[in-house]
Every structure is written in structure tokens, then in C-alpha cells.
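Engineer: This is the structure I have questions about; it appears just below.
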Amino acid sequence: MVYASCRFCGLVFQNPTSTSAEWADFYANHYRRIYNEQEQPTSEEALRQQQRAEVYRGFLEGQALQSVSSHLDVGCSMGVFLQSLKKHWQIGCSVGVEPGKAFRQHCVSQGLRCYDSIESLPVGERFELISLCHVLEHTTNPVEFLRNLVQTRLAGGGRIFIEVPNVRGGVPMEIAHPFCFSQKTLNDTLALAGLEAISVHLHGRPKTDSPYDQRYIAVIARASGAVKSAADIEAVSLGYHLSAKLAMWRGLAHEPWWLFALKYPIRVLKHGFFPTIES
């Protein structure tokens with residue numbers, strides 16, 4: 001498993017990676033056995049999801065989203081988050097998407113409407129809240145995935161809640177993660193998909209309440225009305241990376257600014273502007 005970092009935007013991604021068909025087979029037939037050691041839902045998994053659901057509900061209530069009447073949870077697993085919001089917010093329409101057959105059947109047994117893919121949802125059905133908790137890093141094209149949700153599933157004035165592992169706050173490189181996001185690259189992805197963040201939380205909950213643990217990035221976003229281009233992102237990223245490179249080299253140099261400035265051109269020729277990272 002090899003990861004690379006984009007020289008322009010800094011996005012970390014698997015290179016090479018599997019095809020879309022191979023990923024679909026992986027999630028349908030292998031994912032749960034690798035990550036949960038069995039395909040059937042367990043009480044331990046239910047407890048873990050309940051703890052996460054409480055954290056997520058707190059974030060959303062901080063943005064006064066309790067009045068939503070419809071909720072789509074993509075990658076809903078056992079449906080615990082769906083049930084939590086349905087119970088506390090009295091949501092009339094709670095729908096899940098879960099590719100794993102056993103987990104999907106569990107959701108149905110709990111009285112939830114659950115589908116195996118977004119494409120299987122009724123045509124034209126839209127939702128005031130769409131949640132993607134530890135889902136985006138599993139997609140093969142995050143921008144297109146989000147753009148499709150905005151265009152076909154998000155209701156006018158609706159919100160999208162996203163949580164991903166933070167590449168700067170932990171080690172999210174896993175076999176099931178084609179992409180690893182930082183706060184910057186997640187914001188870039190949102191912008192390319194026509195979204196803008198209105199609330200961002202860097203945290204480690206429910207594993208830890210320490211403010212210094214920022215292993216997760218939780219974002220509440222809305223449609224921005226404008227889709228940024230890759231050229232826009234590259235232009236902003238160029239300045240970002242140059243300033244970061246200068247700060248890094250200055251911090252490592254431990255020398256006067258005038259001496260650092262004299263040596264800078266030599267460092268550029270030797271190391272380049274944008275080092276490629278592989279692991």
C-alpha cells in the first residue's frame with residue numbers, strides 16, 4: 001500500500017489504488033470481516049456507534065439543526081446515528097445507505113428504510129440533512145461523490161455533515177482509505193463540489209476529550225452556489241505551500257533571516273518547491 005501527496009494541493013491518496021469494481025466487491029464481501037472480524041453486527045459495535053452518535057448530535061445541535069424533517073445517513077452501518085436523531089429530534093423521514101448486507105438487514109429490522117447504494121434511492125427524493133461519517137475517505141472520487149449528492153439529494157437550504165480522519169492528527173493510512181484529508185484538502189474538496197463549510201471541529205471524541213487530540217475533522221457544510229475550479233485551488237495552494245515551506249525551512253535553519261534568504265535559492269534547487277511524500 002503506497003500513498004502519495006499531490007504537489008499542488010497536498011491531498012494524500014493511494015497510488016496505485018483499486019478500480020471502482022474492485023472497491024465495490026471489497027465493501028460488499030470483505031470490509032466487515034477485515035475491520036470487525038465478522039460480517040454480523042455486534043453489541044460492541046453498537047456501543048461504539050452510540051458513543052459516536054452522541055458526539056455528532058452535539059455538533060449538529062450547536063448549529064440549531066434540530067428542526068430538520070428528513071435525514072439521509074450514507075454509510076449508516078447499524079443505523080444507530082439515524083435512530084438517535086430520529087428519537088431526539090422527532091425526524092419524520094430517516095433513510096440509510098449501507099452496502100453491507102447483514103448491517104443493512106439489521107437497519108431494516110429496526111424499522112428503518114435502508115438501501116444498498118445512493119443510486120437505489122427513489123428518484124427525486126431529497127433530504128434536509130445528509131451525513132457522511134467516516135465515508136468520504138472510502139470513496140474513489142470524493143469531489144464527484146459530493147457534487148452528485150448536492151445536485152440530486154440535498155434539499156434547498158439543507159446541510160451536509162461530514163467527518164473524516166485527520167491526516168495531520170493521526171495515521172489514517174489504511175487499506176480501505178483511498179484518500180486521507182487534512183482540514184485544508186477537505187475544504188478544497190468541498191469547494192470543488194460546490195460546498196462551503198459553516199462549522200469545523202477538530203477533535204478526538206469519543207476516544208478522548210483532550211483538546212490536543214485532533215484525530216478527526218467534523219464539518220457542517222452547505223451549498224455555496226458556486227463551484228471552484230482546480231485552477232482556483234492550485235493558485236491558493238501555491239501560496240499556502242510556499243509559506244509553509246518557508247516556515248519549515250526557517251524553523252529548521254536556526255539562523256538569521258538574512259542568511260536564510262541568501263541560502264534559500266540553493267535549497268530550492270536542491271530540494272524543489274514541493275517534495276513528494278510516500279509511505
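Residues are referred to by chain and number: the chain letter is A, B, ... according to the order shown in the C-alpha cells, the number counts from 1 in that chain, and ligands are numbered separately from 1 in the order shown.
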Pick out the residues sitting within 12 Å of Thr17 in chain A, and hand them over as a list in words; count only C-alpha atoms, and ignore anything fewer than 3 positions along from it in its own chain.
Structural biologist: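 Using only C-alpha atoms, the neighbours found are Met1, Val2, Tyr3, Ala4, Phe13, Gln14, Ser20, Ala21, Glu22, Trp23, His138, Thr139, Thr140, Asn141, Glu174, Ile175, Ala176, His177, Pro178 and Phe179 of chain A.
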Engineer: Print the selection's residues with N, CA and C atoms to a file, as a PDB file, in the first residue's frame.
Structural biologist:
ATOM      1  N   MET A   1       0.852  -1.188   0.000  1.00  0.00           N
ATOM      2  CA  MET A   1       0.000   0.000   0.000  1.00  0.00           C
ATOM      3  C   MET A   1       0.885   1.236   0.000  1.00  0.00           C
ATOM      4  N   VAL A   2       0.812   2.034  -1.035  1.00  0.00           N
ATOM      5  CA  VAL A   2       1.654   3.219  -1.200  1.00  0.00           C
ATOM      6  C   VAL A   2       0.774   4.461  -1.278  1.00  0.00           C
ATOM      7  N   TYR A   3       1.153   5.488  -0.519  1.00  0.00           N
ATOM      8  CA  TYR A   3       0.464   6.765  -0.574  1.00  0.00           C
ATOM      9  C   TYR A   3       1.379   7.818  -1.179  1.00  0.00           C
ATOM     10  N   ALA A   4       0.773   8.768  -1.880  1.00  0.00           N
ATOM     11  CA  ALA A   4       1.497   9.895  -2.439  1.00  0.00           C
ATOM     12  C   ALA A   4       0.777  11.180  -2.048  1.00  0.00           C
ATOM     13  N   PHE A  13      -3.166  10.426  -1.112  1.00  0.00           N
ATOM     14  CA  PHE A  13      -4.002   9.423  -1.767  1.00  0.00           C
ATOM     15  C   PHE A  13      -3.205   8.166  -2.059  1.00  0.00           C
ATOM     16  N   GLN A  14      -3.922   7.039  -2.171  1.00  0.00           N
ATOM     17  CA  GLN A  14      -3.286   5.779  -2.541  1.00  0.00           C
ATOM     18  C   GLN A  14      -2.870   5.821  -4.007  1.00  0.00           C
ATOM     19  N   SER A  20     -12.973   0.908  -9.382  1.00  0.00           N
ATOM     20  CA  SER A  20     -14.285   1.080  -8.746  1.00  0.00           C
ATOM     21  C   SER A  20     -14.968  -0.264  -8.508  1.00  0.00           C
ATOM     22  N   ALA A  21     -14.837  -1.175  -9.481  1.00  0.00           N
ATOM     23  CA  ALA A  21     -15.449  -2.502  -9.338  1.00  0.00           C
ATOM     24  C   ALA A  21     -14.801  -3.284  -8.197  1.00  0.00           C
ATOM     25  N   GLU A  22     -13.489  -3.174  -8.087  1.00  0.00           N
ATOM     26  CA  GLU A  22     -12.778  -3.877  -7.010  1.00  0.00           C
ATOM     27  C   GLU A  22     -13.159  -3.315  -5.643  1.00  0.00           C
ATOM     28  N   TRP A  23     -13.317  -1.983  -5.548  1.00  0.00           N
ATOM     29  CA  TRP A  23     -13.750  -1.387  -4.283  1.00  0.00           C
ATOM     30  C   TRP A  23     -15.154  -1.834  -3.920  1.00  0.00           C
ATOM     31  N   HIS A 138     -13.407   6.804   1.975  1.00  0.00           N
ATOM     32  CA  HIS A 138     -13.579   5.499   1.328  1.00  0.00           C
ATOM     33  C   HIS A 138     -13.989   5.624  -0.142  1.00  0.00           C
ATOM     34  N   THR A 139     -14.337   6.815  -0.587  1.00  0.00           N
ATOM     35  CA  THR A 139     -14.838   6.973  -1.958  1.00  0.00           C
ATOM     36  C   THR A 139     -13.684   7.030  -2.960  1.00  0.00           C
ATOM     37  N   THR A 140     -13.986   6.691  -4.213  1.00  0.00           N
ATOM     38  CA  THR A 140     -12.947   6.693  -5.249  1.00  0.00           C
ATOM     39  C   THR A 140     -12.822   8.043  -5.943  1.00  0.00           C
ATOM     40  N   ASN A 141     -13.842   8.898  -5.817  1.00  0.00           N
ATOM     41  CA  ASN A 141     -13.801  10.254  -6.376  1.00  0.00           C
ATOM     42  C   ASN A 141     -14.607  11.164  -5.459  1.00  0.00           C
ATOM     43  N   GLU A 174      -4.953   3.516   5.694  1.00  0.00           N
ATOM     44  CA  GLU A 174      -5.470   2.160   5.849  1.00  0.00           C
ATOM     45  C   GLU A 174      -5.827   1.595   4.489  1.00  0.00           C
ATOM     46  N   ILE A 175      -5.948   0.286   4.424  1.00  0.00           N
ATOM     47  CA  ILE A 175      -6.259  -0.370   3.162  1.00  0.00           C
ATOM     48  C   ILE A 175      -7.574   0.122   2.573  1.00  0.00           C
ATOM     49  N   ALA A 176      -8.513   0.539   3.424  1.00  0.00           N
ATOM     50  CA  ALA A 176      -9.841   0.943   2.949  1.00  0.00           C
ATOM     51  C   ALA A 176      -9.951   2.444   2.690  1.00  0.00           C
ATOM     52  N   HIS A 177      -8.839   3.181   2.778  1.00  0.00           N
ATOM     53  CA  HIS A 177      -8.863   4.635   2.619  1.00  0.00           C
ATOM     54  C   HIS A 177      -8.092   5.065   1.373  1.00  0.00           C
ATOM     55  N   PRO A 178      -8.769   5.215   0.235  1.00  0.00           N
ATOM     56  CA  PRO A 178      -8.080   5.727  -0.957  1.00  0.00           C
ATOM     57  C   PRO A 178      -7.582   7.153  -0.777  1.00  0.00           C
ATOM     58  N   PHE A 179      -8.230   7.919   0.108  1.00  0.00           N
ATOM     59  CA  PHE A 179      -7.843   9.307   0.335  1.00  0.00           C
ATOM     60  C   PHE A 179      -7.692   9.588   1.825  1.00  0.00           C
TER      61      PHE A 179
END
Engineer: How would you write, as a ChimeraX atom specification, the set of residues in range 25-72 of chain A that DSSP gives as alpha helix (DSSP H)?
Structural biologist: /A:25-29,31-35,43-61
Engineer: If we count only C-alpha atoms, what is near Arg32 in chain A at a cut-off of 12 Å, once residues fewer than 6 positions away on the same chain are taken out, given as a PyMOL selection string?
Structural biologist: chain A and resi 25-26+38-42+45+77+98-103+176
Engineer: For CA of His71 in chain A and CA of Thr185 in chain A, determine how far apart the two atoms are, in Å to one decimal place.
Structural biologist: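 Those two atoms sit 26.0 Å apart.
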Engineer: Using DSSP secondary structure from the backbone, list all strand (DSSP E) positions within range 81-129 of chain A, as a VMD selection string.
Structural biologist: chain A and resid 93 to 97 113 to 115 127 to 129
Engineer: Which residues come within 9 Å of Gln49 in chain A, counting only C-alpha atoms, excluding same-chain residues fewer than 5 positions away, as an MDAnalysis selection string?
Structural biologist: chainID A and resid 44 54 77:81
Engineer: With N, CA and C atoms kept, could you save the residues just selected as a PDB file, in the first residue's frame?
Structural biologist:
ATOM      1  N   GLU A  44     -20.805  -4.794  20.831  1.00  0.00           N
ATOM      2  CA  GLU A  44     -19.650  -3.902  20.991  1.00  0.00           C
ATOM      3  C   GLU A  44     -19.659  -2.811  19.932  1.00  0.00           C
ATOM      4  N   GLU A  54     -23.712  10.326  19.917  1.00  0.00           N
ATOM      5  CA  GLU A  54     -23.886  11.384  20.896  1.00  0.00           C
ATOM      6  C   GLU A  54     -22.987  12.577  20.575  1.00  0.00           C
ATOM      7  N   SER A  77     -24.238   1.921   8.573  1.00  0.00           N
ATOM      8  CA  SER A  77     -23.847   0.777   9.395  1.00  0.00           C
ATOM      9  C   SER A  77     -25.071   0.156  10.083  1.00  0.00           C
ATOM     10  N   MET A  78     -25.149   0.194  11.411  1.00  0.00           N
ATOM     11  CA  MET A  78     -26.255  -0.405  12.140  1.00  0.00           C
ATOM     12  C   MET A  78     -27.442   0.543  12.299  1.00  0.00           C
ATOM     13  N   GLY A  79     -27.323   1.768  11.780  1.00  0.00           N
ATOM     14  CA  GLY A  79     -28.417   2.720  11.870  1.00  0.00           C
ATOM     15  C   GLY A  79     -28.526   3.428  13.201  1.00  0.00           C
ATOM     16  N   VAL A  80     -27.478   3.365  14.028  1.00  0.00           N
ATOM     17  CA  VAL A  80     -27.546   3.948  15.373  1.00  0.00           C
ATOM     18  C   VAL A  80     -27.678   5.468  15.315  1.00  0.00           C
ATOM     19  N   PHE A  81     -26.909   6.125  14.451  1.00  0.00           N
ATOM     20  CA  PHE A  81     -26.988   7.581  14.336  1.00  0.00           C
ATOM     21  C   PHE A  81     -28.352   8.006  13.799  1.00  0.00           C
TER      22      PHE A  81
END
Engineer: Using only C-alpha atoms, can you tell me which of A:Leu186, A:Val219, A:Gly156, A:Pro172 comes closest to His201 in chain A?
Structural biologist: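 That would be A:Val219, the residue with the smallest distance to His201 in chain A.
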Engineer: Which is closest to Ile130 in chain A among A:Ala53, A:Val97, A:Val164, A:Cys6, if we use only C-alpha atoms?
Structural biologist: A:Val97
Engineer: Could you tell me how far CA of Ser199 in chain A sits from CA of Gly62 in chain A, in Å to one decimal place?
Structural biologist: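 Taking CA of Gly62 in chain A as the start and CA of Ser199 in chain A as the end point, the length is 9.3 Å.
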Engineer: Quick one: residues within 10 Å of Asn148 in chain A, only C-alpha atoms counted, chain neighbours fewer than 6 positions away excluded, as a ChimeraX atom specification?
Structural biologist: /A:118,142,154,193
Engineer: For C-alpha atoms, I'd like the residues from the last selection saved as a PDB file, in the first residue's frame.
Structural biologist:
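The resulting part.pdb:
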ATOM      1  CA  ILE A 118     -27.392   6.110  -3.274  1.00  0.00           C
ATOM      2  CA  PRO A 142     -14.728  12.472  -3.410  1.00  0.00           C
ATOM      3  CA  LEU A 154     -29.640  17.761  -0.877  1.00  0.00           C
ATOM      4  CA  ALA A 193     -18.055  20.130  -5.189  1.00  0.00           C
TER       5      ALA A 193
END
Engineer: I want to know what sits within 10 Å of Asp213 in chain A, based on only C-alpha atoms, with residues of the same chain fewer than 3 positions away left out; could you give that as a list in words?
Structural biologist: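 Skipping anything fewer than 3 positions along the chain leaves Gly169, Gly170, Leu202, His203, Gly204, Arg205, Lys207, Thr208, Asp209, Ser210 and Tyr216 of chain A.
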